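S.K.: Could you have a look at this structure, given as structure tokens, before my questions?
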Amino acid sequence: MLYHGMKEKEVEQSLNTSVKQGLSEKAIETRRKKFGWNELSEGEKQSAILLFFSQFKDFMVLVLLGATLVSGLLGEYIDAVAIMAIVLLNGILGFFQERKAEKSLQALKNLSAPQVTVLRDGRWIKKNSREIVPGDVLKFASGDRMGADVRIITANNLELEESALTGESIPTVKNTHLIKEKTPNLGDMNNMAFMGTMVTRGNGVGIVTAIGMETAMGKIAHMIQTTGTIVTPLQRRLEQLGKILITVALLLTMLVVVVGIIHGHDAYTMFLAGVSLAVAAIPEGLPAIVTVALSLGVQRMIRKNAIVRKLPAVETLGCASVICSDKTGTMTQNKMTVTHLWSGGKTWNVAGEEHSKLEKFYEGETPIDPFREKSIQQLLTFGVLCNHTDLIIQGNTMAIDGDPTEGALLIAALKAGIDRDSLSEQFTIEKEYPFDSTRKMMSVIVKDSNGKKFAITKGAPDVLVEKCESILWDGKQRILNYEFGNDVKTAVSNLAAQALRTIAIAFKPIHSSAYPQKEYELEKGLTFIGLQGMIDPPRPEVKVAVEECKSAGIKTVMITGDHAATACAIAEQLGILEHKEQVMDGQRLNELSVEELEEVVEDIAVFARVTPEHKLKIVNAFQNKGHIVAMTGDGINDAPAIKAADIGIAMGITGTDVAKEASSLILLDDNFATIKAAIKEGRNIYENIRKFIRYLLASNVGEILVMLFAMLMSLPLPLVPIQILWVNLVTDGLPAMALGLDQPEENVMQRKPRHPKEGVFARGLGWKIISRGFLIGVSTLIAFIIVYHKDPNNLPYAQTIAFATLVMAQLIHVFDCRSEISVFSRNPLGNKYLVWSVISSAALMVAVIYVPVLQPIFHTVPIILNDWLLVVGMSALPTFLLAGSFILRKKK
């Protein structure tokens with residue numbers, strides 16, 4: 001029903017109620033049977049047991065479980081227990097993350113008003129908001145939270161804080177006027193109040209039009225319930241990798257068993273060898289190392305004011321191609337700030353942060369002393385006197401207790417050294433005529449230290465100028481004729497073109513001791529002083545962040561509930577908006593389907609006056625075009641889109657619990673620049689994941705090939721199963737984790753975002769893994785053959801040489817993995833964690849070879865000094881052979 005377009009009597013008739021009597025108890029019972037309780041439903045919940053077991057459906061987890069079985073078959077029970085512990089840890093983490101997601105709807109439910117004042121059978125009584133039904137008549141005043149959607153019938157200076165629903169930074173003035181538009185945006189429905197919003201000023205009476213899931217809040221709850229969770233690019237890539245590895249493992253197992261039997265080996269030995277190769281093909285530590293790398297990235301991001309709620313989100317940020325960002329508080333400072341003053345034909349700029357007082361007033365580019373400009377002094381002083389708000393100053397921090405617009409007037413005056421405490425010694429407020437939405441003005445009567453009295457009025461310029469008879473111009477009072485009136489209108493237009501909200505200030509002397517009882521008697525015959533223009537200004541660091549994102553191939557899109565003019569002004573200052581045609585408002589969004597929006601969405605930089613449905617629609621349109629979308633927001637209205645985005649980002653300071661619970665990342669400082677830092681971190685984490693995948697798989701390819709080639713050549717097995725497991729779980733593990741701590745390369749933010757469908761082995765990674773693995777395998781096999789042919793009767797010694805060569809080749813190769821180009825392109829000592837991990841792994845290898853108690857376990861024997869030269873030489877060959885060929889190609 002379009003209650004916003006109905007008159008009071010029509011609303012009463014439609015809902016069969018009375019604003020004088022309310023509903024009867026009998027009517028309540030009937031309606032409750034029809035409409036139910038006024039609460040948000042939570043949808044179907046999955047049982048905790050099913051939710052826990054669902055964590056083990058991932059393909060890579062199944063691969064790990066297979067590796068556990070293999071280790072058990074080989075009698076390596078410690079390895080089996082270790083792998084199982086990794087699987088359980090990942091499952092438990094996933095379980096608790098999904099349980100947390102269920103809290104988003106509970107957070108929504110908590111926003112419902114616990115109690116409301118309702119008219120029942122002609123009496124005003126307190127009731128739990130759960131008991132409200134459509135047709136109930138509610139009374140509400142400043143400080144009350146709305147318990148349902150309400151059509152406002154009476155409004156006395158009524159303002160509601162609706163930023164959680166609409167995204168607007170200032171309270172909305174409410175009235176009872178009919179709205180003729182059939183489908184206005186929430187922010188334009190000034191005769192409606194919505195569940196969960198807060199009354200910040202005045203009072204009113206209204207009729208309940210919707211409860212529970214039928215409210216604007218309920219529709220958002222429904223979107224949260226029905227919006228699916230996005231599978232991250234990292235999860236897709238690991239699943240792809242797992243499928244490749246398990247296929248390779250099965251094929252190798254069968255190949256080795258068949259080849260070995262053909263060459264005369266017994267079936268049991270060949271089965272164990274085949275299983276060993278299967279284990280070699282599966283990097284058991286990979287999920288654990290990925291988890292550790294992401295966790296370490298999380299720690300680094302906390303130091304950069306970003307809290308990660310879901311680990312894969314760290315990597316997802318690294319391939320984001322579109323950032324859909326809220327304006328208020330994220331790109332702007334979330335505080336109204338006076339930036340321009342106008343009086344008598346002059347315009348001054350006001351700069352500076354809060355109450356600092358160093359050259360903050362300018363005429364053009366020239367700094368001026370505000371104490372020498374009488375017009376500025378008068379304009380700012382009267383803005384403080386005709387003001388109902390207080391500033392709370394503690395050290396270098398400042399908070400506004402009251403209306404943000406009035407707070408902006410106080411801060412502007414403070415920059416010129418004018419504060420309320422000093423003015424209280426010179427002026428006394430004798431009477432106040434409060435602001436109301438009909439007059440659009442506020443007035444006070446002031447007495448100065450000389451006993452003179454005068455009225456000060458502030459309000460909307462177009463209304464106030466009509467109440468003025470004169471104007472201050474060049475320090476003199478002149479008749480406000482047509483020419484001066486046009487000058488005022490031009491000034492207002494110029495400030496409005498910069499998306500500034502303008503407040504006009506006027507005054508007049510009071511000669512009578514009797515004050516007018518009615519506002520209209522006082523607010524006439526005034527003298528116009530000037531204008532104060534204010535805006536929620538952009539954060540200074542955001543422009544640089546937007547530019548860096550642009551150079552990284554990331555499109556920044558502003559999505560806001562604010563008006564288009566305001567959004568465009570901020571977007572232009574930040575470098576987001578370059579052409580006027582890149583703007584779309586909510587009305588145009590209503591007319592487009594998702595498919596039609598897809599055709600133009602990449603050309604739009606600013607979406608203004610949007611609803612929660614619009615935000616979800618925009619995110620879906622970008623995703624359908626193949627983009628990885630990051631969506632920021634702080635309000636309830638942002639939650640569905642935050643959840644639907646590839647990465648949802650909530651504000652830590654101003655964000656609602658609903659937005660935070662739906663998000664993957666929370667910004668502690670509510671700052672867009674922090675997103676840029678997080679993207680850089682995310683890109684580096686993915687590159688590090690590629691590095692240790694390259695390292696682990698190249699090592700595993702080397703292990704596979706040395707075994708396979710030996711069998712094809714009818715040689716004994718160069719490695720025993722326990723040595724392969726040792727290399728996989730111990731030798732490879734520490735350097736791989738150290739690669740996860742590698743610092744980003746210099747050009748990480750100059751690269752274009754990765755394509756979301758890019759495979760694990762893209763950009764030549766597959767060839768690098770195979771070529772390096774081939775050389776590692778061949779070098780190990782050559783070392784084994786040389787020593788074995790010297791003394792065929794001492795197989796354990798040849799196997800120890802092969803084991804040492806394989807380990808050393810991998811430890812040298814790890815430095816090559818730090819760069820996509822060559823081992824020489826980065827300082828090999830640049831990652832101190834890697835250096836120490838290599839030293840540790842080498843020490844562990846030496847211990848396995850020389851510690852007597854370990855030798856029988858790992859089938860090793862001590863190596864003489866001369867053979868270490870062979871081991872080191874053959875180990876270095878794969879890495880430096882390829883590095884040398886790269887240098888030669890580069891010289892050509």
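Note on naming: chains are A, B, ... as they come in the structure tokens, residues start from 1 per chain, ligands start from 1 in the order shown.
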Just want the 10 Å neighbourhood of A:Ile801, counted on only C-alpha atoms, with same-chain residues fewer than 4 positions away dropped. Output as a list in words.
M.R.: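 Residues meeting the cut-off are Pro718, Leu719, Thr780, Leu781, Ala783, Phe784, Ile785, Ile786, Val787, Tyr788, Leu795, Pro796, Tyr797, Thr805, Leu806, Val807, Ile849, Thr860, Val861, Pro862, Ile863, Asp867, Trp868, Leu870 and Val871 of chain A.
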S.K.: Restricted to N, CA and C atoms, what would the selected residues look like written as a tab-separated table (two decimals), in the first residue's frame?
M.R.:
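That gives us result-v8.tsv:
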```tsv
chain	number	residue	atom	x	y	z
A	718	PRO	N	65.91	-44.76	-5.45
A	718	PRO	CA	66.88	-43.81	-4.87
A	718	PRO	C	66.46	-43.29	-3.49
A	719	LEU	N	65.17	-43.32	-3.20
A	719	LEU	CA	64.65	-42.80	-1.93
A	719	LEU	C	63.70	-43.82	-1.32
A	780	THR	N	69.37	-35.06	-8.91
A	780	THR	CA	69.36	-36.03	-7.81
A	780	THR	C	69.68	-37.43	-8.32
A	781	LEU	N	69.08	-37.78	-9.46
A	781	LEU	CA	69.29	-39.11	-10.03
A	781	LEU	C	70.75	-39.30	-10.49
A	783	ALA	N	73.40	-37.78	-9.23
A	783	ALA	CA	74.22	-37.97	-8.02
A	783	ALA	C	74.08	-39.40	-7.50
A	784	PHE	N	72.86	-39.93	-7.51
A	784	PHE	CA	72.61	-41.29	-7.04
A	784	PHE	C	73.34	-42.32	-7.92
A	785	ILE	N	73.25	-42.16	-9.23
A	785	ILE	CA	73.86	-43.12	-10.17
A	785	ILE	C	75.39	-43.12	-10.01
A	786	ILE	N	75.99	-41.91	-9.89
A	786	ILE	CA	77.46	-41.81	-9.76
A	786	ILE	C	77.93	-42.60	-8.55
A	787	VAL	N	77.28	-42.38	-7.43
A	787	VAL	CA	77.71	-43.04	-6.18
A	787	VAL	C	77.35	-44.52	-6.20
A	788	TYR	N	76.18	-44.85	-6.73
A	788	TYR	CA	75.74	-46.26	-6.74
A	788	TYR	C	76.66	-47.11	-7.60
A	795	LEU	N	73.94	-49.70	-1.16
A	795	LEU	CA	72.76	-48.94	-1.59
A	795	LEU	C	72.36	-47.85	-0.58
A	796	PRO	N	72.37	-48.09	0.75
A	796	PRO	CA	72.00	-47.02	1.69
A	796	PRO	C	72.83	-45.75	1.53
A	797	TYR	N	74.15	-45.91	1.20
A	797	TYR	CA	74.99	-44.72	1.02
A	797	TYR	C	74.54	-43.92	-0.21
A	805	THR	N	71.13	-34.61	-1.81
A	805	THR	CA	71.09	-33.79	-3.04
A	805	THR	C	69.70	-33.21	-3.26
A	806	LEU	N	68.67	-34.02	-3.06
A	806	LEU	CA	67.29	-33.56	-3.23
A	806	LEU	C	66.97	-32.42	-2.27
A	807	VAL	N	67.34	-32.60	-1.01
A	807	VAL	CA	67.06	-31.56	0.00
A	807	VAL	C	67.81	-30.28	-0.33
A	849	ILE	N	71.27	-37.37	8.92
A	849	ILE	CA	72.35	-38.14	8.32
A	849	ILE	C	73.39	-38.58	9.35
A	860	THR	N	69.66	-43.83	6.70
A	860	THR	CA	70.77	-42.99	6.22
A	860	THR	C	72.07	-43.47	6.84
A	861	VAL	N	73.17	-43.06	6.20
A	861	VAL	CA	74.51	-43.32	6.71
A	861	VAL	C	75.33	-42.04	6.54
A	862	PRO	N	76.41	-41.86	7.31
A	862	PRO	CA	77.21	-40.63	7.18
A	862	PRO	C	77.84	-40.49	5.79
A	863	ILE	N	77.91	-39.25	5.31
A	863	ILE	CA	78.51	-38.94	4.00
A	863	ILE	C	79.92	-38.39	4.22
A	867	ASP	N	82.26	-36.35	-1.02
A	867	ASP	CA	80.95	-36.52	-1.66
A	867	ASP	C	80.01	-35.34	-1.41
A	868	TRP	N	80.31	-34.53	-0.37
A	868	TRP	CA	79.51	-33.32	-0.17
A	868	TRP	C	79.73	-32.33	-1.32
A	870	LEU	N	80.08	-33.21	-4.41
A	870	LEU	CA	79.16	-33.71	-5.43
A	870	LEU	C	77.73	-33.28	-5.11
A	871	VAL	N	77.33	-33.42	-3.84
A	871	VAL	CA	75.96	-33.07	-3.42
A	871	VAL	C	75.68	-31.59	-3.69
```
S.K.: With 12 Å as the cut-off and only C-alpha atoms counted, what is the closest atom pair between each nearby residue of stretch 507-546 of chain A and stretch 651-674 of chain A? Distances in Å to one decimal, ordered by chain and number, as a tab-separated table.
M.R.:
```
residue	atom	partner	partner_atom	distance
A:Pro538	CA	A:Phe672	CA	10.4
A:Arg539	CA	A:Asn671	CA	8.1
A:Pro540	CA	A:Ala673	CA	9.7
A:Glu541	CA	A:Ala673	CA	6.4
A:Val542	CA	A:Ala673	CA	5.4
A:Lys543	CA	A:Ala673	CA	8.5
A:Val544	CA	A:Ala673	CA	8.0
A:Ala545	CA	A:Ala673	CA	5.2
A:Val546	CA	A:Ala673	CA	7.9
```
S.K.: Please run DSSP on the backbone and report, as a ChimeraX atom specification, all residues within stretch 574-671 of chain A that come out as strand (DSSP E or B).
M.R.: /A:583-585,606-608,629-633,647-651,665-667
S.K.: Apply DSSP to the structure's backbone, then extract all residues of stretch 437-668 of chain A labelled helix (DSSP H, G or I) and return them as a ChimeraX atom specification.
M.R.: /A:461-467,482-497,519-522,542-551,564-574,580-582,586-591,594-603,612-624,636-644,657-662
S.K.: Could you build a table of the residues in stretch 414-436 of chain A lying no more than 12 Å from stretch 455-464 of chain A, giving for each the nearest pair of atoms and their separation in Å rounded to one decimal place, using only C-alpha atoms, ordered by chain and ascending residue number, as a Markdown table?
M.R.:
```
| residue | atom | partner | partner_atom | distance |
| --- | --- | --- | --- | --- |
| A:Phe427 | CA | A:Ala455 | CA | 11.9 |
| A:Thr428 | CA | A:Ala455 | CA | 11.6 |
| A:Ile429 | CA | A:Ala455 | CA | 9.8 |
| A:Glu430 | CA | A:Ala455 | CA | 9.9 |
| A:Lys431 | CA | A:Ala455 | CA | 9.3 |
| A:Glu432 | CA | A:Ala455 | CA | 9.6 |
| A:Tyr433 | CA | A:Thr457 | CA | 9.2 |
| A:Pro434 | CA | A:Thr457 | CA | 10.3 |
| A:Phe435 | CA | A:Gly459 | CA | 8.3 |
| A:Asp436 | CA | A:Gly459 | CA | 10.0 |
```
S.K.: Limited to N, CA, C and O atoms, could you put the picked residues into a file as an mmCIF file, in the first residue's frame?
M.R.:
```cif
data_model
loop_
_atom_site.group_PDB
_atom_site.id
_atom_site.type_symbol
_atom_site.label_atom_id
_atom_site.label_comp_id
_atom_site.auth_asym_id
_atom_site.auth_seq_id
_atom_site.Cartn_x
_atom_site.Cartn_y
_atom_site.Cartn_z
ATOM 1 N N PHE A 427 27.263 38.313 26.174
ATOM 2 C CA PHE A 427 25.884 38.195 25.700
ATOM 3 C C PHE A 427 25.088 37.234 26.591
ATOM 4 O O PHE A 427 25.630 36.248 27.101
ATOM 5 N N THR A 428 23.787 37.537 26.725
ATOM 6 C CA THR A 428 22.876 36.669 27.471
ATOM 7 C C THR A 428 21.692 36.312 26.578
ATOM 8 O O THR A 428 21.088 37.210 25.965
ATOM 9 N N ILE A 429 21.386 35.014 26.478
ATOM 10 C CA ILE A 429 20.220 34.568 25.703
ATOM 11 C C ILE A 429 18.982 34.725 26.585
ATOM 12 O O ILE A 429 18.888 34.106 27.642
ATOM 13 N N GLU A 430 18.032 35.553 26.152
ATOM 14 C CA GLU A 430 16.844 35.823 26.968
ATOM 15 C C GLU A 430 15.620 35.026 26.528
ATOM 16 O O GLU A 430 14.748 34.742 27.337
ATOM 17 N N LYS A 431 15.560 34.691 25.247
ATOM 18 C CA LYS A 431 14.417 33.898 24.780
ATOM 19 C C LYS A 431 14.817 33.157 23.506
ATOM 20 O O LYS A 431 15.632 33.636 22.731
ATOM 21 N N GLU A 432 14.232 31.975 23.337
ATOM 22 C CA GLU A 432 14.542 31.162 22.154
ATOM 23 C C GLU A 432 13.251 30.772 21.448
ATOM 24 O O GLU A 432 12.260 30.434 22.088
ATOM 25 N N TYR A 433 13.281 30.844 20.131
ATOM 26 C CA TYR A 433 12.191 30.357 19.281
ATOM 27 C C TYR A 433 12.747 29.169 18.492
ATOM 28 O O TYR A 433 13.471 29.362 17.509
ATOM 29 N N PRO A 434 12.463 27.925 18.933
ATOM 30 C CA PRO A 434 13.130 26.752 18.352
ATOM 31 C C PRO A 434 12.853 26.593 16.856
ATOM 32 O O PRO A 434 11.845 27.079 16.327
ATOM 33 N N PHE A 435 13.761 25.863 16.222
ATOM 34 C CA PHE A 435 13.604 25.530 14.805
ATOM 35 C C PHE A 435 12.406 24.596 14.623
ATOM 36 O O PHE A 435 12.155 23.733 15.451
ATOM 37 N N ASP A 436 11.665 24.807 13.559
ATOM 38 C CA ASP A 436 10.695 23.781 13.142
ATOM 39 C C ASP A 436 10.702 23.701 11.625
ATOM 40 O O ASP A 436 11.121 24.621 10.929
#
```
S.K.: Using atom CA of A:Lys126 and atom CA of A:Ile152 as the two end points, give the distance in Å to one decimal.
M.R.: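 It comes out at 19.0 Å.
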S.K.: Could you work out how far atom CA of A:Lys790 lies from atom CA of A:Met874, giving the answer in Å with one decimal?
M.R.: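 One can read the atom CA of A:Met874 to atom CA of A:Lys790 distance as 17.0 Å.
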S.K.: Give me the residues near stretch 21-32 of chain A as a VMD selection string, where near means some atom within 7 Å (using only C-alpha atoms) and where sequence neighbours in that chain fewer than 2 positions away do not count.
M.R.: chain A and resid 17 to 19 34 to 37 119 to 122 133 136 to 137
S.K.: Which of these, A:Gln378, A:Thr197, A:Asn387, A:Ser343, has the shortest distance to A:Met442 once you count only C-alpha atoms?
M.R.: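 Of the candidates, the smallest distance to A:Met442 is held by A:Asn387.
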S.K.: Just give me the gap between atom CA of A:Arg123 and atom CA of A:Ala155 in Å, one decimal is fine.
M.R.: 19.9 Å
